[in-house]
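A.B. asks: The file below is target_30.txt, compact mmCIF, C-alpha atoms:
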# COMPACT_ATOMS: atom_id res chain seq x y z
CA MET A 179 36.65 -3.53 16.32
CA SER A 180 37.85 -1.99 13.06
CA LYS A 181 36.86 1.60 12.35
CA ARG A 182 37.47 1.60 8.62
CA ALA A 183 35.38 3.74 6.33
CA THR A 184 32.47 2.09 4.59
CA THR A 185 32.24 2.89 0.92
CA ARG A 186 29.57 2.23 -1.65
CA ALA A 187 31.93 -0.26 -3.33
CA SER A 188 32.19 -2.29 -0.10
CA PHE A 189 28.53 -3.31 -0.28
CA LYS A 190 27.67 -6.36 -2.32
CA ALA A 191 24.85 -5.89 -4.79
CA THR A 192 21.69 -7.67 -3.75
CA PRO A 193 19.74 -9.48 -6.42
CA ALA A 194 16.51 -7.88 -7.57
CA VAL A 195 13.47 -9.21 -5.78
CA GLU A 196 10.63 -10.24 -8.02
CA ARG A 197 7.20 -9.03 -7.01
CA PRO A 198 4.65 -11.79 -6.55
CA ALA A 199 2.23 -11.93 -9.45
CA ALA A 200 -1.46 -12.62 -9.16
CA GLY A 201 -1.90 -16.34 -9.68
CA ALA A 202 -4.08 -19.28 -8.80
CA GLY A 203 -4.06 -18.35 -5.10
CA SER A 204 -4.74 -14.66 -5.67
CA ILE A 205 -7.78 -12.44 -6.05
CA PRO A 206 -7.82 -10.69 -9.47
CA THR A 207 -7.00 -6.97 -9.52
CA LYS A 208 -9.98 -4.60 -9.82
CA PHE A 209 -8.04 -1.40 -10.44
CA ARG A 210 -5.39 -0.12 -12.86
CA GLU A 211 -2.79 2.61 -12.62
CA GLY A 212 -4.51 6.01 -12.86
CA ASP A 213 -7.88 4.81 -11.47
CA ARG A 214 -9.49 7.03 -8.82
CA VAL A 215 -10.35 5.08 -5.68
CA ARG A 216 -11.78 5.79 -2.25
CA VAL A 217 -10.56 4.09 0.91
CA ARG A 218 -13.47 2.41 2.65
CA ARG A 219 -14.62 4.29 5.75
CA ILE A 220 -14.99 1.36 8.12
CA PHE A 221 -13.57 0.79 11.57
CA PRO A 222 -13.29 -2.95 12.29
CA LEU A 223 -11.75 -4.22 15.50
CA GLY A 224 -8.45 -6.04 15.56
CA HIS A 225 -5.19 -5.74 13.69
CA ILE A 226 -5.76 -3.36 10.78
CA ARG A 227 -3.03 -2.24 8.38
CA THR A 228 -4.91 0.71 6.84
CA PRO A 229 -4.38 3.92 8.86
CA TRP A 230 -7.51 5.51 10.34
CA TYR A 231 -6.67 8.95 8.95
CA ILE A 232 -6.83 7.78 5.32
CA ARG A 233 -10.23 6.08 5.56
CA GLY A 234 -12.82 7.89 3.43
CA CYS A 235 -10.14 9.72 1.40
CA THR A 236 -9.92 9.62 -2.39
CA GLY A 237 -6.69 8.99 -4.25
CA VAL A 238 -5.25 7.63 -7.49
CA ILE A 239 -3.68 4.23 -8.08
CA GLU A 240 0.01 4.97 -8.62
CA ARG A 241 1.03 1.33 -9.15
CA ILE A 242 0.10 -2.28 -8.53
CA CYS A 243 2.65 -3.74 -6.12
CA GLY A 244 1.68 -7.41 -6.51
CA ALA A 245 -0.51 -9.84 -4.58
CA TYR A 246 0.34 -10.87 -1.02
CA PRO A 247 -1.26 -12.80 1.83
CA ASN A 248 -3.59 -10.53 3.81
CA PRO A 249 -1.60 -9.26 6.84
CA GLU A 250 -4.84 -8.68 8.77
CA GLU A 251 -5.36 -12.46 8.65
CA LEU A 252 -1.69 -13.34 9.15
CA ALA A 253 -1.74 -11.41 12.45
CA TYR A 254 -4.08 -14.09 13.81
CA HIS A 255 -1.99 -17.03 12.51
CA ARG A 256 -4.34 -17.63 9.58
CA SER A 257 -3.08 -18.30 6.05
CA GLY A 258 -3.95 -14.86 4.65
CA LEU A 259 -5.10 -16.56 1.47
CA PRO A 260 -6.26 -15.92 -1.10
CA ALA A 261 -3.54 -13.33 -1.71
CA GLN A 262 -4.85 -9.77 -1.94
CA PRO A 263 -3.70 -7.27 -4.59
CA LEU A 264 -1.67 -4.46 -3.01
CA TYR A 265 -1.72 -0.99 -4.57
CA ARG A 266 0.30 2.16 -4.00
CA VAL A 267 -2.28 4.94 -3.81
CA ARG A 268 -1.36 8.62 -4.09
CA PHE A 269 -3.36 11.22 -2.13
CA LEU A 270 -3.09 15.00 -2.19
CA GLN A 271 -1.91 16.13 1.25
CA HIS A 272 -4.63 18.80 1.56
CA ASP A 273 -7.30 16.11 0.93
CA VAL A 274 -5.92 14.04 3.81
CA TRP A 275 -5.15 16.89 6.24
CA PRO A 276 -7.63 19.80 5.85
CA ASP A 277 -5.29 22.19 7.71
CA TYR A 278 -2.27 21.31 5.55
CA ARG A 279 -0.46 24.52 4.56
CA GLY A 280 2.14 23.10 2.18
CA HIS A 281 2.17 23.24 -1.60
CA ALA A 282 -1.12 22.30 -3.29
CA THR A 283 0.54 19.49 -5.26
CA ASP A 284 2.20 17.80 -2.25
CA THR A 285 1.22 14.14 -1.98
CA VAL A 286 1.39 11.19 0.35
CA ASP A 287 1.62 7.63 -1.00
CA LEU A 288 0.32 4.63 0.93
CA GLU A 289 0.24 0.94 0.10
CA ILE A 290 -3.29 -0.34 0.58
CA TYR A 291 -4.81 -3.75 -0.01
CA GLN A 292 -7.66 -4.10 -2.48
CA HIS A 293 -10.31 -5.09 0.07
CA TRP A 294 -9.96 -1.57 1.55
CA LEU A 295 -10.56 0.20 -1.76
CA GLU A 296 -13.69 1.01 -3.75
CA GLU A 297 -14.25 2.80 -7.02
CA ASP A 298 -14.59 6.57 -6.54
CA GLN A 299 -18.09 7.60 -7.61
Could I get this structure in the form of structure tokens?

C.D. replies:
Amino acid sequence: MSKRATTRASFKATPAVERPAAGAGSIPTKFREGDRVRVRRIFPLGHIRTPWYIRGCTGVIERICGAYPNPEELAYHRSGLPAQPLYRVRFLQHDVWPDYRGHATDTVDLEIYQHWLEEDQ
């Protein structure tokens, strides 16, 4: 086996991947970048993609990632359709972890499907 050095130039560029857009098989987006949202505080059984520790927390939509088949349905060999909008949501660390001792502006970003989000009241 060759032990030659790998350089940045030795990697071929990969084409940009287009994000799926909401279309005929997708649920329309409810939220826009900058909207304040709360993660639903529910605890259903089964395969769930939304971490337990973020449920009930409030954050801000950082971006819309596209619309994708629901992985919670795909886990059970269902179609996952209609496609669900996926958002990147930004949370302040101290809102997620009450004992967090880092900087007050530290954040954590999570990608969360729309059916887990509600408007922050």

A.B. asks: Can you work out the spacing between CA of Ile239 (chain A) and CA of Gly212 (chain A) in Å, to one decimal?

C.D. replies: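 Between these atoms lies a distance of 5.2 Å.
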
A.B. asks: Tell me which residues come within 7 Å of (0.1, -0.1, -8.8), as a PyMOL selection string, counting only C-alpha atoms in the file's coordinates.

C.D. replies: chain A and resi 210-211+239-243+265-266

A.B. asks: Counting all atoms listed in the file, note down every residue that has an atom within 6 Å of the point (-11.6, 1.9, 4.5) (file coordinates), as a list of chain:residue names.

C.D. replies: A:Val217, A:Arg218, A:Arg219, A:Ile220, A:Arg233, A:Trp294

A.B. asks: So that I have them on file, write out the residues from the current selection with C-alpha atoms, as a PDB file, in the coordinates of the input.

C.D. replies:
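For reference, again_10.pdb as written:
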ATOM      1  CA  VAL A 217     -10.560   4.090   0.910  1.00  0.00           C
ATOM      2  CA  ARG A 218     -13.470   2.410   2.650  1.00  0.00           C
ATOM      3  CA  ARG A 219     -14.620   4.290   5.750  1.00  0.00           C
ATOM      4  CA  ILE A 220     -14.990   1.360   8.120  1.00  0.00           C
ATOM      5  CA  ARG A 233     -10.230   6.080   5.560  1.00  0.00           C
ATOM      6  CA  TRP A 294      -9.960  -1.570   1.550  1.00  0.00           C
TER       7      TRP A 294
END

A.B. asks: For a test of reading the model, state the distance in Å between CA of Arg216 (chain A) and CA of Gly203 (chain A), rounded to one decimal.

C.D. replies: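 Spanning CA of Arg216 (chain A) to CA of Gly203 (chain A) is a straight-line distance of 25.5 Å.
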
A.B. asks: Would you please work out which residue, of A:Ile232, A:Leu288, A:Val274, A:Ile205, is nearest to Leu259 (chain A) when using only C-alpha atoms?

C.D. replies: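 With only C-alpha atoms as the atom set, the closest residue is A:Ile205.
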
A.B. asks: Can you measure CA of Thr228 (chain A) to CA of Asp298 (chain A) for me? One decimal in Å is fine.

C.D. replies: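 Interatomic distance, CA of Thr228 (chain A) to CA of Asp298 (chain A): 17.5 Å.
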
A.B. asks: Between A:Ala261, A:Thr283, A:Val215, A:Leu270, which residue has the minimum interatomic distance to Val238 (chain A), considering all atoms listed in the file?

C.D. replies: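 Answer, going by the shortest atom-to-atom distance: A:Val215.
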
A.B. asks: Let me know the centre plus edge lengths, in Å and rounded to one decimal, of a box with edges along x, y and z that contains all listed atoms of region 272-289 of chain A and is padded by 3 Å on every side, as lines of an AutoDock Vina configuration file.

C.D. replies:
center_x = -2.7
center_y = 12.7
center_z = 1.2
size_x = 15.8
size_y = 29.6
size_z = 19.0

A.B. asks: Check the smallest atom-to-atom distance from each of A:Leu223, A:His272, A:Gly280, A:Thr207 to Gly244 (chain A) using all atoms listed in the file, then report the winner.

C.D. replies: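 For Gly244 (chain A), the nearest of the given residues is A:Thr207.
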
A.B. asks: May I ask which of the residues A:Trp275, A:Phe221, A:Arg227, A:Glu251 is the closest one to Glu289 (chain A), counting all atoms listed in the file?

C.D. replies: A:Arg227

A.B. asks: Using all atoms listed in the file, which of the listed residues (A:Arg279, A:Arg214, A:Arg256, A:Lys208) sits closest to Gln299 (chain A)?

C.D. replies: A:Arg214

A.B. asks: Which residue is closest to Phe269 (chain A)? Choose from A:Cys235, A:Ala245, A:Ala253, A:Ile290 and count only C-alpha atoms.

C.D. replies: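 So, comparing all the options, the nearest one is A:Cys235.
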
A.B. asks: Determine, counting all atoms listed in the file, which protein, DNA and RNA residues have an atom within 9 Å of an atom of His281 (chain A); residues of the same chain fewer than 3 positions away are not included. Present the result as a PDB file with C-alpha atoms, keeping the file's coordinate frame.

C.D. replies:
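Written out: around18.pdb:
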ATOM      1  CA  GLN A 271      -1.910  16.130   1.250  1.00  0.00           C
ATOM      2  CA  HIS A 272      -4.630  18.800   1.560  1.00  0.00           C
ATOM      3  CA  TYR A 278      -2.270  21.310   5.550  1.00  0.00           C
ATOM      4  CA  ASP A 284       2.200  17.800  -2.250  1.00  0.00           C
TER       5      ASP A 284
END
